[in-house]
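S.K.: Pasting in a structure now, in structure tokens, and then I'll have a few things to ask.
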Amino acid sequence: MSAKDCGSHGHKRRKIFRRIFAGILVFLFIVLVTILIVWAVLRPSKPSFLLQDATVYAFNSTTPNFLTSNLQVTFSTRNPNDKIGVYYDKLDVYAEYRTQQITLRTRIQPFYQGHKEVNVWSPFVYGTAVPVAPYNAVSLRQDQSSGAVQLVIKMDGRVRFKVGSFISGRYHLYSRCQAYIQFGNKNAGVLVGNNAVKYTLAERCSVSV
């Protein structure tokens, strides 16, 4: 076999490889475009959150500036999509007072939420002798004297969306729920034992994904 024949065979092989590579790229491009079209047509909506109630077992501030709190919050999550499921890979719940975190994070077990499905959770969030910023301590004492404290229950997590067999990458989910606790109003809550008081809130939460 001459050098010319070897060169011709090598050229043919490179040409075949280029065609195979081009075919793979075209196939991947078609798949990607199909996924994007389906995603655009379905237009997934972000989940909705509702803070139903909060049961207060402890909420005590001490001098100089420490706060001990123990609450059980009940909230529901709803998937508004009729053709898209949601994987909750991580969801942490905690409480804030005037932008300062006052409890540890409580993690909800990972779960999958089907089409139009609603899930209800009742985690405990608590913090023992948590240092409170001096300016927040002053506001907290004033709020407690007036008989009502405005807390914020927050959810921070990671979600993925499922469309048919396609599962998206992870998205950061962030929810913020107002919890207005009226300690001074005896009729605002229901005594549930051991000095714990349950307050009905029914507050819709802001959600960003």
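Chain labels A, B, ... are given in the sequence in which chains occur in the structure tokens; within each chain residues are numbered consecutively from 1, and ligands are likewise numbered from 1 in the order shown.
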Pick out the residues sitting within 7 Å of Asp53 of chain A, and hand them over as a ChimeraX atom specification; count only C-alpha atoms, and ignore anything fewer than 4 positions along from it in its own chain.
M.R.: /A:73-74,198-202
S.K.: Would you output that residue set with N, CA and C atoms, as a CSV table (one decimal), in the first residue's frame?
M.R.:
chain,number,residue,atom,x,y,z
A,73,VAL,N,-44.3,25.9,64.8
A,73,VAL,CA,-45.0,26.6,63.8
A,73,VAL,C,-45.6,25.6,62.8
A,74,THR,N,-46.8,25.8,62.3
A,74,THR,CA,-47.4,24.9,61.3
A,74,THR,C,-47.6,25.7,60.1
A,198,LYS,N,-51.5,28.5,71.7
A,198,LYS,CA,-51.6,28.4,70.2
A,198,LYS,C,-52.3,29.6,69.6
A,199,TYR,N,-51.6,30.2,68.7
A,199,TYR,CA,-52.1,31.4,68.0
A,199,TYR,C,-52.4,31.1,66.5
A,200,THR,N,-53.6,31.3,66.1
A,200,THR,CA,-54.0,31.1,64.7
A,200,THR,C,-53.5,32.3,63.9
A,201,LEU,N,-52.8,32.1,62.8
A,201,LEU,CA,-52.2,33.2,62.0
A,201,LEU,C,-52.8,33.3,60.6
A,202,ALA,N,-52.8,32.2,59.9
A,202,ALA,CA,-53.3,32.1,58.5
A,202,ALA,C,-52.7,33.2,57.6
S.K.: What parts of segment 18-198 of chain A does DSSP call helix (DSSP H, G or I)? I'd like the answer as number ranges by chain.
M.R.: A: 18-42, 134-146
S.K.: Can you write out the residues you just picked, keeping N, CA, C and O atoms, as a compact mmCIF listing (two decimals), in the first residue's frame?
M.R.:
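Saved file selection_13.txt follows:
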# COMPACT_ATOMS: atom_id res chain seq x y z
N ARG A 18 -15.80 13.25 12.08
CA ARG A 18 -16.39 14.59 12.11
C ARG A 18 -17.91 14.51 11.93
O ARG A 18 -18.65 15.24 12.58
N ARG A 19 -18.35 13.61 11.06
CA ARG A 19 -19.79 13.45 10.84
C ARG A 19 -20.49 12.90 12.09
O ARG A 19 -21.58 13.34 12.44
N ILE A 20 -19.83 11.94 12.73
CA ILE A 20 -20.40 11.37 13.96
C ILE A 20 -20.49 12.45 15.04
O ILE A 20 -21.51 12.60 15.72
N PHE A 21 -19.42 13.21 15.19
CA PHE A 21 -19.38 14.28 16.20
C PHE A 21 -20.44 15.33 15.91
O PHE A 21 -21.15 15.80 16.81
N ALA A 22 -20.59 15.70 14.61
CA ALA A 22 -21.60 16.68 14.23
C ALA A 22 -23.00 16.15 14.50
O ALA A 22 -23.88 16.89 14.96
N GLY A 23 -23.21 14.85 14.25
CA GLY A 23 -24.51 14.24 14.52
C GLY A 23 -24.87 14.27 15.99
O GLY A 23 -26.01 14.54 16.37
N ILE A 24 -23.86 14.00 16.84
CA ILE A 24 -24.09 14.04 18.29
C ILE A 24 -24.45 15.45 18.74
O ILE A 24 -25.37 15.65 19.53
N LEU A 25 -23.73 16.45 18.20
CA LEU A 25 -24.02 17.84 18.56
C LEU A 25 -25.42 18.24 18.14
O LEU A 25 -26.15 18.90 18.89
N VAL A 26 -25.83 17.84 16.95
CA VAL A 26 -27.17 18.17 16.46
C VAL A 26 -28.23 17.51 17.34
O VAL A 26 -29.24 18.14 17.70
N PHE A 27 -27.98 16.25 17.72
CA PHE A 27 -28.93 15.53 18.58
C PHE A 27 -29.07 16.23 19.94
O PHE A 27 -30.20 16.45 20.42
N LEU A 28 -27.94 16.59 20.54
CA LEU A 28 -27.98 17.27 21.83
C LEU A 28 -28.67 18.62 21.73
O LEU A 28 -29.42 19.03 22.63
N PHE A 29 -28.44 19.32 20.61
CA PHE A 29 -29.07 20.61 20.41
C PHE A 29 -30.58 20.46 20.32
O PHE A 29 -31.34 21.25 20.90
N ILE A 30 -31.04 19.44 19.57
CA ILE A 30 -32.48 19.20 19.43
C ILE A 30 -33.11 18.88 20.78
O ILE A 30 -34.19 19.37 21.13
N VAL A 31 -32.43 18.03 21.57
CA VAL A 31 -32.93 17.68 22.90
C VAL A 31 -33.04 18.91 23.78
O VAL A 31 -34.05 19.13 24.47
N LEU A 32 -32.01 19.77 23.76
CA LEU A 32 -32.00 20.98 24.57
C LEU A 32 -33.12 21.93 24.16
O LEU A 32 -33.82 22.48 25.02
N VAL A 33 -33.28 22.11 22.86
CA VAL A 33 -34.35 22.99 22.37
C VAL A 33 -35.72 22.46 22.77
O VAL A 33 -36.61 23.22 23.18
N THR A 34 -35.90 21.13 22.66
CA THR A 34 -37.18 20.53 23.05
C THR A 34 -37.48 20.78 24.52
O THR A 34 -38.61 21.13 24.89
N ILE A 35 -36.47 20.60 25.38
CA ILE A 35 -36.64 20.83 26.81
C ILE A 35 -37.01 22.28 27.08
O ILE A 35 -37.92 22.58 27.87
N LEU A 36 -36.32 23.21 26.42
CA LEU A 36 -36.59 24.63 26.62
C LEU A 36 -38.00 25.00 26.16
O LEU A 36 -38.68 25.80 26.80
N ILE A 37 -38.44 24.42 25.05
CA ILE A 37 -39.79 24.70 24.55
C ILE A 37 -40.84 24.19 25.53
O ILE A 37 -41.80 24.88 25.87
N VAL A 38 -40.65 22.94 26.00
CA VAL A 38 -41.59 22.37 26.97
C VAL A 38 -41.62 23.21 28.24
O VAL A 38 -42.69 23.52 28.79
N TRP A 39 -40.44 23.63 28.70
CA TRP A 39 -40.32 24.45 29.92
C TRP A 39 -41.04 25.78 29.74
O TRP A 39 -41.74 26.26 30.64
N ALA A 40 -40.87 26.39 28.55
CA ALA A 40 -41.50 27.69 28.29
C ALA A 40 -43.02 27.56 28.18
O ALA A 40 -43.76 28.43 28.64
N VAL A 41 -43.49 26.48 27.56
CA VAL A 41 -44.93 26.28 27.40
C VAL A 41 -45.60 26.02 28.75
O VAL A 41 -46.67 26.57 29.05
N LEU A 42 -44.98 25.18 29.57
CA LEU A 42 -45.57 24.85 30.87
C LEU A 42 -45.47 26.00 31.87
O LEU A 42 -46.30 26.14 32.74
N PRO A 134 -28.29 44.98 71.41
CA PRO A 134 -28.83 45.95 72.37
C PRO A 134 -30.02 46.73 71.85
O PRO A 134 -31.02 46.92 72.56
N TYR A 135 -29.95 47.21 70.59
CA TYR A 135 -31.07 47.99 70.06
C TYR A 135 -32.32 47.12 69.87
O TYR A 135 -33.46 47.59 70.02
N ASN A 136 -32.12 45.82 69.56
CA ASN A 136 -33.26 44.92 69.44
C ASN A 136 -33.82 44.57 70.82
O ASN A 136 -35.04 44.34 70.95
N ALA A 137 -32.95 44.49 71.82
CA ALA A 137 -33.40 44.18 73.18
C ALA A 137 -34.33 45.27 73.70
O ALA A 137 -35.34 44.98 74.35
N VAL A 138 -34.01 46.52 73.39
CA VAL A 138 -34.87 47.64 73.81
C VAL A 138 -36.23 47.53 73.13
O VAL A 138 -37.28 47.66 73.76
N SER A 139 -36.22 47.26 71.81
CA SER A 139 -37.48 47.11 71.07
C SER A 139 -38.29 45.93 71.57
O SER A 139 -39.52 45.99 71.65
N LEU A 140 -37.61 44.84 71.90
CA LEU A 140 -38.29 43.64 72.38
C LEU A 140 -39.00 43.91 73.70
O LEU A 140 -40.16 43.50 73.89
N ARG A 141 -38.33 44.60 74.61
CA ARG A 141 -38.96 44.92 75.89
C ARG A 141 -40.17 45.82 75.69
O ARG A 141 -41.21 45.66 76.35
N GLN A 142 -40.07 46.76 74.75
CA GLN A 142 -41.20 47.64 74.46
C GLN A 142 -42.36 46.85 73.87
O GLN A 142 -43.52 47.07 74.24
N ASP A 143 -42.04 45.93 72.95
CA ASP A 143 -43.10 45.12 72.33
C ASP A 143 -43.79 44.23 73.36
O ASP A 143 -45.02 44.08 73.36
N GLN A 144 -42.98 43.62 74.25
CA GLN A 144 -43.56 42.75 75.26
C GLN A 144 -44.44 43.54 76.24
O GLN A 144 -45.47 43.05 76.69
N SER A 145 -44.03 44.76 76.51
CA SER A 145 -44.83 45.62 77.40
C SER A 145 -46.16 45.99 76.75
O SER A 145 -47.19 46.10 77.43
N SER A 146 -46.12 46.16 75.42
CA SER A 146 -47.36 46.51 74.70
C SER A 146 -48.24 45.29 74.46
O SER A 146 -49.41 45.43 74.07
S.K.: Extract the full set of strand (DSSP E) residues from segment 120-188 of chain A according to DSSP on the backbone, and format it as a PyMOL selection string.
M.R.: chain A and resi 120-121+124-131+149-163+166-167+171-181
S.K.: Rounded to one decimal place, report the atom CA of Ser76 of chain A-atom CA of Ser122 of chain A distance in Å.
M.R.: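 Straight-line distance from atom CA of Ser76 of chain A to atom CA of Ser122 of chain A works out to 8.8 Å.
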S.K.: Could you name the residues that touch segment 188-195 of chain A at 9 Å or less, counting only C-alpha atoms, but leaving out those on the same chain fewer than 4 positions away, as a PyMOL selection string?
M.R.: chain A and resi 55-58+181-184+199-200
S.K.: How many Å lie between atom CA of Tyr126 of chain A and atom CA of Thr103 of chain A, rounded to one decimal?
M.R.: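 Here the two named atoms are 4.8 Å from each other.
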S.K.: For Tyr112 of chain A, which residue among A:Ile167, A:Val209, A:Val125, A:Val132 is the nearest when counting only C-alpha atoms?
M.R.: A:Ile167
S.K.: Calculated over only C-alpha atoms, which of the candidates A:Asp156, A:Glu203, A:Asp92, A:Asp82 has the smallest distance to Leu104 of chain A?
M.R.: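 Closest candidate: A:Asp92.
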S.K.: When distances are computed from only C-alpha atoms, which of A:Gln100, A:Ser206, A:Ser45, A:Thr106 shows the smallest separation from Asn81 of chain A?
M.R.: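 Ranking A:Gln100, A:Ser206, A:Ser45, A:Thr106 by distance to Asn81 of chain A, first place goes to A:Ser45.
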S.K.: Tell me which of A:Asn187, A:Ser48, A:Ser175, A:Ser208 sits closest to Val120 of chain A, counting only C-alpha atoms.
M.R.: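 Closest to Val120 of chain A of all the choices is A:Ser48.
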S.K.: Restricting the calculation to only C-alpha atoms: of A:Phe17, A:Tyr97, A:Trp121, A:Phe66, which residue gets closest to Ala54 of chain A?
M.R.: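 Checking each candidate against Ala54 of chain A, we get A:Trp121 as the closest.
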